[in-house]
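Notes follow once the structure below has been shown.
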Amino acid sequence: MGKRPMHSLPQRSFALPLAVAVLALSVGARGGDVPDRWWAPGEGRVLPAILDYDNENGTLRTLTVGGPLNTAGHPFFEPLVKDGRACVTCHQPADAMSLSAASARRQWDRTGGKDPLFAAYDGSNCPTLPQDQRASHSLLLDRGLIRIQRPWPTKSFNGKPVKPDFTIEVVRDPNGCNSGPNYGPKAGKISVYRRPRPVANMKYLLAVGFPFDPKQGYALPLDPDDGKPQSGNLMADNRAGNLRLQMEDAATTHLQMLKALSEDERKQLQDFELRVFTAMQMTKAGGAVDSGGAKAGPARLRDSEPGALGSIGEPVWSEFKGWENIPAEDAAKLTPQQLAFRQSVARGARVFREKMFLISDTAGINSRIGFGNPVRNSCVFCHNMSQMGNDVAPGQVDLGTTTLPFADPWDDLPLFKVTCTGRPHPHYGKVIYTYDPGFALTSGKCADVGKITLQSMRGLSARAPYFSNGLARDLRGVVDYYERRYSIGYTEQEKQDLVNLMSAL
Amino acid sequence: MKSLAVLAALVAATTAQAAQDTAGLVRFVACPVYRDTDAGRKSGCWLTDDRATGKRWDVTESPYKPDWNFAVLVEGKPSAHAAQPCGAPALDPVRTSRLDIPCTRHMIPAEGFPGRRYTLPRRNIGPLSVARAVPPGPYAERTFPVYFEFDKDFLVYQYDDWLIDNAVTWIRAARPRKLVVTGYAATQAQMVSGVKLAERPDAARERAETIAETMRRLVPDIPVETKWKTAAKPTDEPEADGLPWQSQRRAEIRAVF
């Protein structure tokens, strides 16, 4: 990874002068000829309109509409606090505007753990631990997890207090951030550990397809700023319904800002976040994802209308339909490896849409919405938005990734005992053991324990590990988890096809 | 004038009788059986056995489908269609309501039955990007019912959302002065399959508040009041599909000018 320089030339010829100009602007930003793939806060680099980074599966491309963007003084890229943190610290262009565990490890090694990424307040397992030791940052270094501190009792989306219909106890606290005088439910704080979500392709995450949230049984909540329905797809636990609330939450928690973001800073951040699109552009094995009849890549994301339901419009991942039946004359121009990979990606898209399996005991799918338990469907049942694969409805679903007995065993995560004080959870019953109650920490509802908002599916190759708690180390791990959870019966070929598909998104 | 009053009384009596007429309908409590047919997405079959008659019914067409871990209250009418794609005669219209009675989960194979290929139900709403047809005036006080599972206040997907979407389209055009949402609960106990069933009185309030909150989100500039009533009586509203028990479990959105 990382052998290709940041400003490797894009495929389109018009971008050449721009890339050269940007390269010139950025030379020496960190004392070398080629800027490092890590964007440190306050460097003052120029973010090109088209920016490519290699990863193990190919090349990720990030487009900045209206770019290039001079990042000097920009609140996304400048440290807003003394410790040197900025938004870009955890939302790296090379990592699809998220943060890979590999990048975190690389930055630890480069800086001896001094990078502001490893700030005690959320870049370590707990601030009470000795901060100069690698073990104190193991969750970030091994699984890319940032500590998220939520209030207890719960506050609903948009910050309104809500009386929870459950109690919570700490069964196990391996890191010390859920017990003692200053941490844990008794101190009014619950620490969970989650992957940073990508700050890109935002128009899809903000898109609203229908006026109702069928998983919660209400019309969609309204944005407190503009009065329009909220998508509910921004954050893992849906605690912030619009970009202003999200960035204010991030500023006070991940940047520890004591003063509020200024209106100008908010506008700049929002404007930037709505202009960034990222996805894989090139696959190592199969070439460009917008060639040979395929129509994927970040430009397609940039140019498409968000919020369309794949089942009544353009099927999810049909961008790769052109690779299903490659004409002989085109196939002859490809290497056997390229041809096989393209065919595999196209098969993977079909498996994603068409391989049916029984989904059972999954809140958000099998309850309370009335699809039945079990219900037969495929991956696109939830990953249903054209071009993006997130949920057109608010995507809070409990796959079991954070909750026993479905979650994998983790001895380094806190374990909570949730006891429902009203109706029992529809699948777990009255008592639930979980590493992360997820959406329940926002809604206050026992029925929502373990629900996590669906992840973005773009740029996956750039930002392992996967799921909110990083339980899948690689893309195969994602497929394997689903196989374990739902006994789908994927063939080995289907598993590889799905991995190849996801590597190309 | 007198004859008009007699006629009105006659119509009212006939309507009330029709609303409570359960002849030809079935109602029972059972543990659901899932038949694992595979005709594509959402194609599995739900079967339930009426212990009193020994008959097995296909209840798959219920808008709210069973959970194999819990008993369901089944209410329906034998279908006019003879086809048995799930291996049992179908109830249609039919409702199933999840009860808090644990069941041993039971799944049976397709055994050659095809199940039903999924088709969008009649009651489905279009995306927000599709403009709703504006209902013509003149507009006057009108009431829109919304229906629920037994003892629940949860909006039923592809049923209640459609009812509310239609109501909101009319309300946005009509611009009433306020909305009064009244929740009802069928609190009078009845024995069904040996199980004493009565909705909680709180279900009426919960239904009113749930619908009121949804209306506040959909038409935020129109004030919403809530009321609730227990001992709900059946109605003849067509969207209850001729199932009197379903019509009892409702909330009504009344547009007041």
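Residues are named by chain letter and number: chains run A, B, ... in the order of the structure tokens, numbers start at 1 in each chain, and ligands are numbered from 1 in the order shown.
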Enumerate, in order of chain and increasing residue number, the residues of chain A with an atom no farther than 8 Å from chain B, each with its shortest atom pair and distance in Å to one decimal, counting only C-alpha atoms, as JSON lines.
{"residue": "A:Val208", "atom": "CA", "partner": "B:Leu128", "partner_atom": "CA", "distance": 7.7}
{"residue": "A:Gly209", "atom": "CA", "partner": "B:Pro127", "partner_atom": "CA", "distance": 5.5}
{"residue": "A:Phe210", "atom": "CA", "partner": "B:Pro127", "partner_atom": "CA", "distance": 5.0}
{"residue": "A:Pro211", "atom": "CA", "partner": "B:Leu128", "partner_atom": "CA", "distance": 6.6}
{"residue": "A:Phe212", "atom": "CA", "partner": "B:Asp161", "partner_atom": "CA", "distance": 7.1}
{"residue": "A:Pro214", "atom": "CA", "partner": "B:Tyr157", "partner_atom": "CA", "distance": 6.0}
{"residue": "A:Gln216", "atom": "CA", "partner": "B:Phe154", "partner_atom": "CA", "distance": 7.8}
{"residue": "A:Gly217", "atom": "CA", "partner": "B:Leu155", "partner_atom": "CA", "distance": 4.6}
{"residue": "A:Tyr218", "atom": "CA", "partner": "B:Thr214", "partner_atom": "CA", "distance": 5.5}
{"residue": "A:Ala219", "atom": "CA", "partner": "B:Thr214", "partner_atom": "CA", "distance": 4.9}
{"residue": "A:Leu220", "atom": "CA", "partner": "B:Arg217", "partner_atom": "CA", "distance": 7.0}
{"residue": "A:Pro221", "atom": "CA", "partner": "B:Arg217", "partner_atom": "CA", "distance": 6.2}
{"residue": "A:Leu222", "atom": "CA", "partner": "B:Arg217", "partner_atom": "CA", "distance": 6.2}
{"residue": "A:Pro229", "atom": "CA", "partner": "B:Arg217", "partner_atom": "CA", "distance": 8.0}
{"residue": "A:Met356", "atom": "CA", "partner": "B:Arg41", "partner_atom": "CA", "distance": 6.8}
{"residue": "A:Asn366", "atom": "CA", "partner": "B:Asp67", "partner_atom": "CA", "distance": 7.6}
{"residue": "A:Arg368", "atom": "CA", "partner": "B:Phe154", "partner_atom": "CA", "distance": 7.7}
{"residue": "A:Ile369", "atom": "CA", "partner": "B:Tyr157", "partner_atom": "CA", "distance": 6.6}
{"residue": "A:Gly370", "atom": "CA", "partner": "B:Tyr64", "partner_atom": "CA", "distance": 4.3}
{"residue": "A:Phe371", "atom": "CA", "partner": "B:Lys65", "partner_atom": "CA", "distance": 5.8}
{"residue": "A:Gly372", "atom": "CA", "partner": "B:Lys65", "partner_atom": "CA", "distance": 4.5}
{"residue": "A:Asn373", "atom": "CA", "partner": "B:Asp67", "partner_atom": "CA", "distance": 4.3}
{"residue": "A:Pro374", "atom": "CA", "partner": "B:Asp67", "partner_atom": "CA", "distance": 6.9}
{"residue": "A:Val375", "atom": "CA", "partner": "B:Lys42", "partner_atom": "CA", "distance": 5.9}
{"residue": "A:Arg376", "atom": "CA", "partner": "B:Lys42", "partner_atom": "CA", "distance": 5.0}
{"residue": "A:Asn377", "atom": "CA", "partner": "B:Arg41", "partner_atom": "CA", "distance": 4.6}
{"residue": "A:Ser378", "atom": "CA", "partner": "B:Arg41", "partner_atom": "CA", "distance": 7.2}
Pick out the residues sitting within 6 Å of Val94 of chain B, and hand them over as a ChimeraX atom specification; count only C-alpha atoms, and ignore anything fewer than 3 positions along from it in its own chain. /B:62,75-76,91
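Considering only C-alpha atoms, the residue among B:Lys77, B:Arg200, B:Lys227, B:Arg35 positioned nearest to Pro114 of chain B is B:Arg35.
The closest residue to Cys90 of chain A, picked from A:Arg194, A:Leu63, A:Ser231, A:Leu129 and counting only C-alpha atoms, is A:Arg194.
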Extract, using only C-alpha atoms, all DNA, RNA and protein residues at most 7 Å from segment 251-265 of chain A, discarding same-chain residues fewer than 3 positions from it, and format them as a VMD selection string. chain A and resid 75 81 85 to 86 122 247 to 248 268 to 269
How would the residues just chosen look if you wrote them out with N, CA, C and O atoms as a CSV table (one decimal), in the first residue's frame?
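The file below, again_29.csv, is the result:
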chain,number,residue,atom,x,y,z
A,75,PRO,N,-11.7,24.8,8.5
A,75,PRO,CA,-11.9,24.2,9.8
A,75,PRO,C,-11.9,22.7,9.7
A,75,PRO,O,-11.7,22.0,10.8
A,81,VAL,N,-8.2,23.1,18.1
A,81,VAL,CA,-7.8,23.1,19.5
A,81,VAL,C,-6.3,23.0,19.7
A,81,VAL,O,-5.6,22.6,18.7
A,85,ARG,N,-5.5,18.3,17.0
A,85,ARG,CA,-6.5,17.5,16.3
A,85,ARG,C,-7.3,18.4,15.3
A,85,ARG,O,-7.5,19.6,15.5
A,86,ALA,N,-7.8,17.7,14.2
A,86,ALA,CA,-8.7,18.3,13.3
A,86,ALA,C,-9.6,17.3,12.8
A,86,ALA,O,-9.4,16.1,13.0
A,122,ASP,N,-10.2,10.3,23.4
A,122,ASP,CA,-10.9,9.3,22.6
A,122,ASP,C,-10.0,8.4,21.8
A,122,ASP,O,-10.5,7.5,21.2
A,247,MET,N,-21.6,17.8,13.4
A,247,MET,CA,-20.3,18.5,13.5
A,247,MET,C,-20.1,19.1,14.9
A,247,MET,O,-19.1,19.2,15.5
A,248,GLU,N,-21.2,19.6,15.5
A,248,GLU,CA,-21.2,20.1,16.9
A,248,GLU,C,-20.9,19.0,17.9
A,248,GLU,O,-20.1,19.2,18.8
A,268,GLN,N,-18.5,26.4,6.4
A,268,GLN,CA,-17.4,25.8,5.6
A,268,GLN,C,-17.4,24.3,5.7
A,268,GLN,O,-17.1,23.6,4.7
A,269,LEU,N,-17.6,23.8,6.9
A,269,LEU,CA,-17.6,22.4,7.1
A,269,LEU,C,-18.7,21.7,6.3
A,269,LEU,O,-18.5,20.7,5.6
Gly438 of chain A environment, 8 Å, only C-alpha atoms, sequence neighbours closer than 4 positions dropped, as JSON, numbers by chain: {"A": [236, 237, 442, 448, 449, 450, 451, 452]}
Store the residues picked out above in a file with N, CA, C and O atoms, as a compact mmCIF listing (two decimals), in the first residue's frame.
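Wrote it out as selection.txt, contents follow:
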# COMPACT_ATOMS: atom_id res chain seq x y z
N ALA A 236 -23.76 6.27 13.75
CA ALA A 236 -23.98 4.87 14.11
C ALA A 236 -25.20 4.70 15.01
O ALA A 236 -25.96 3.75 14.87
N ASP A 237 -25.38 5.63 15.94
CA ASP A 237 -26.51 5.52 16.87
C ASP A 237 -27.57 6.58 16.58
O ASP A 237 -28.45 6.81 17.41
N THR A 442 -29.61 6.33 22.09
CA THR A 442 -30.24 7.55 21.59
C THR A 442 -31.75 7.53 21.82
O THR A 442 -32.32 8.48 22.33
N ASP A 448 -34.38 -1.20 20.86
CA ASP A 448 -33.36 -0.73 19.93
C ASP A 448 -31.94 -1.14 20.34
O ASP A 448 -30.97 -0.71 19.71
N VAL A 449 -31.81 -1.92 21.39
CA VAL A 449 -30.48 -2.34 21.84
C VAL A 449 -29.78 -3.12 20.72
O VAL A 449 -30.36 -4.05 20.14
N GLY A 450 -28.57 -2.73 20.43
CA GLY A 450 -27.77 -3.43 19.42
C GLY A 450 -27.96 -2.90 18.01
O GLY A 450 -27.21 -3.27 17.11
N LYS A 451 -28.95 -2.05 17.81
CA LYS A 451 -29.14 -1.51 16.45
C LYS A 451 -28.04 -0.50 16.13
O LYS A 451 -27.77 0.41 16.93
N ILE A 452 -27.45 -0.68 14.97
CA ILE A 452 -26.42 0.23 14.48
C ILE A 452 -26.83 0.67 13.08
O ILE A 452 -27.24 -0.16 12.26
Need the shell around segment 477-484 of chain A: protein/DNA/RNA residues with any atom at most 9 Å away, counting only C-alpha atoms. Skip same-chain ones fewer than 3 positions apart. Format as a PyMOL selection string? chain A and resi 399+401+406+408+465-467+471-474+487-490+495-496+498-499
Enumerate as a ChimeraX atom specification all residues of segment 188-366 of chain A assigned to alpha helix (DSSP H) by DSSP on the backbone, naming them with the chain letters and numbers the document uses. /A:202-206,243-253,263-273,298-303,328-331,336-354
Near segment 290-296 of chain A, counting only C-alpha atoms, which residues have an atom at most 6 Å away, once you skip same-chain residues fewer than 5 positions from it, shown as a PDB file with N, CA and C atoms, in the first residue's frame?
ATOM      1  N   GLU A 319     -24.310  -0.990 -11.611  1.00  0.00           N
ATOM      2  CA  GLU A 319     -23.200  -0.312 -12.293  1.00  0.00           C
ATOM      3  C   GLU A 319     -22.277  -1.331 -12.969  1.00  0.00           C
ATOM      4  N   PHE A 320     -22.285  -2.554 -12.455  1.00  0.00           N
ATOM      5  CA  PHE A 320     -21.377  -3.573 -12.989  1.00  0.00           C
ATOM      6  C   PHE A 320     -22.066  -4.521 -13.965  1.00  0.00           C
ATOM      7  N   GLY A 322     -22.487  -4.213 -17.036  1.00  0.00           N
ATOM      8  CA  GLY A 322     -21.696  -4.322 -18.266  1.00  0.00           C
ATOM      9  C   GLY A 322     -20.602  -5.372 -18.193  1.00  0.00           C
TER      10      GLY A 322
END
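Excluding Gly87 of chain B itself and any same-chain residue fewer than 3 positions from it, the protein and nucleic acid residues within 9 Å of it, counting only C-alpha atoms, are Arg35, Cys45, Leu47, Trp57, Asp58, Ala83, Gln84, Ala90, Ala110, Glu111, Gly112, Phe113, Pro114 and Gly115 of chain B.
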Go ahead and save the picked residues with C-alpha atoms, as a PDB file, in the first residue's frame.
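As a result, out_29.pdb now contains:
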ATOM      1  CA  ARG B  35     -43.189 -22.803   5.492  1.00  0.00           C
ATOM      2  CA  CYS B  45     -45.551 -18.791   3.914  1.00  0.00           C
ATOM      3  CA  LEU B  47     -49.558 -21.053   8.448  1.00  0.00           C
ATOM      4  CA  TRP B  57     -55.039 -21.567   7.428  1.00  0.00           C
ATOM      5  CA  ASP B  58     -52.616 -19.660   5.266  1.00  0.00           C
ATOM      6  CA  ALA B  83     -55.574 -21.647  -4.881  1.00  0.00           C
ATOM      7  CA  GLN B  84     -53.377 -22.940  -2.066  1.00  0.00           C
ATOM      8  CA  ALA B  90     -55.945 -18.825   2.674  1.00  0.00           C
ATOM      9  CA  ALA B 110     -41.737 -26.081   1.004  1.00  0.00           C
ATOM     10  CA  GLU B 111     -42.842 -29.675   0.263  1.00  0.00           C
ATOM     11  CA  GLY B 112     -43.471 -28.699  -3.326  1.00  0.00           C
ATOM     12  CA  PHE B 113     -45.604 -25.676  -2.587  1.00  0.00           C
ATOM     13  CA  PRO B 114     -44.461 -22.613  -4.499  1.00  0.00           C
ATOM     14  CA  GLY B 115     -45.417 -19.883  -2.059  1.00  0.00           C
TER      15      GLY B 115
END
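You will find atom CA of His425 of chain A at 4.8 Å from atom CA of Ala447 of chain A.
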Please identify which residues in segment 54-176 of chain B DSSP calls strand (DSSP E or B) from the backbone, and express them as a ChimeraX atom specification. /B:55-58,67,70-78,90-102,107-109,142-147
Hey, can you check how far atom CA of Leu25 of chain B sits from atom CA of Gly54 of chain B? 15.5 Å
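With distances restricted to only C-alpha atoms, A:Gln387 is the closest residue to Lys203 of chain A from A:Asn55, A:Gln338, A:Ser156, A:Gln387.
Across A:Leu51, A:Asp83, A:Trp39, A:Thr278, the tightest approach to Pro68 of chain A is made by A:Leu51 when counting only C-alpha atoms.
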Could you check how far atom CA of Lys233 of chain B sits from atom CA of Ala167 of chain B, in Å to one decimal? 22.1 Å
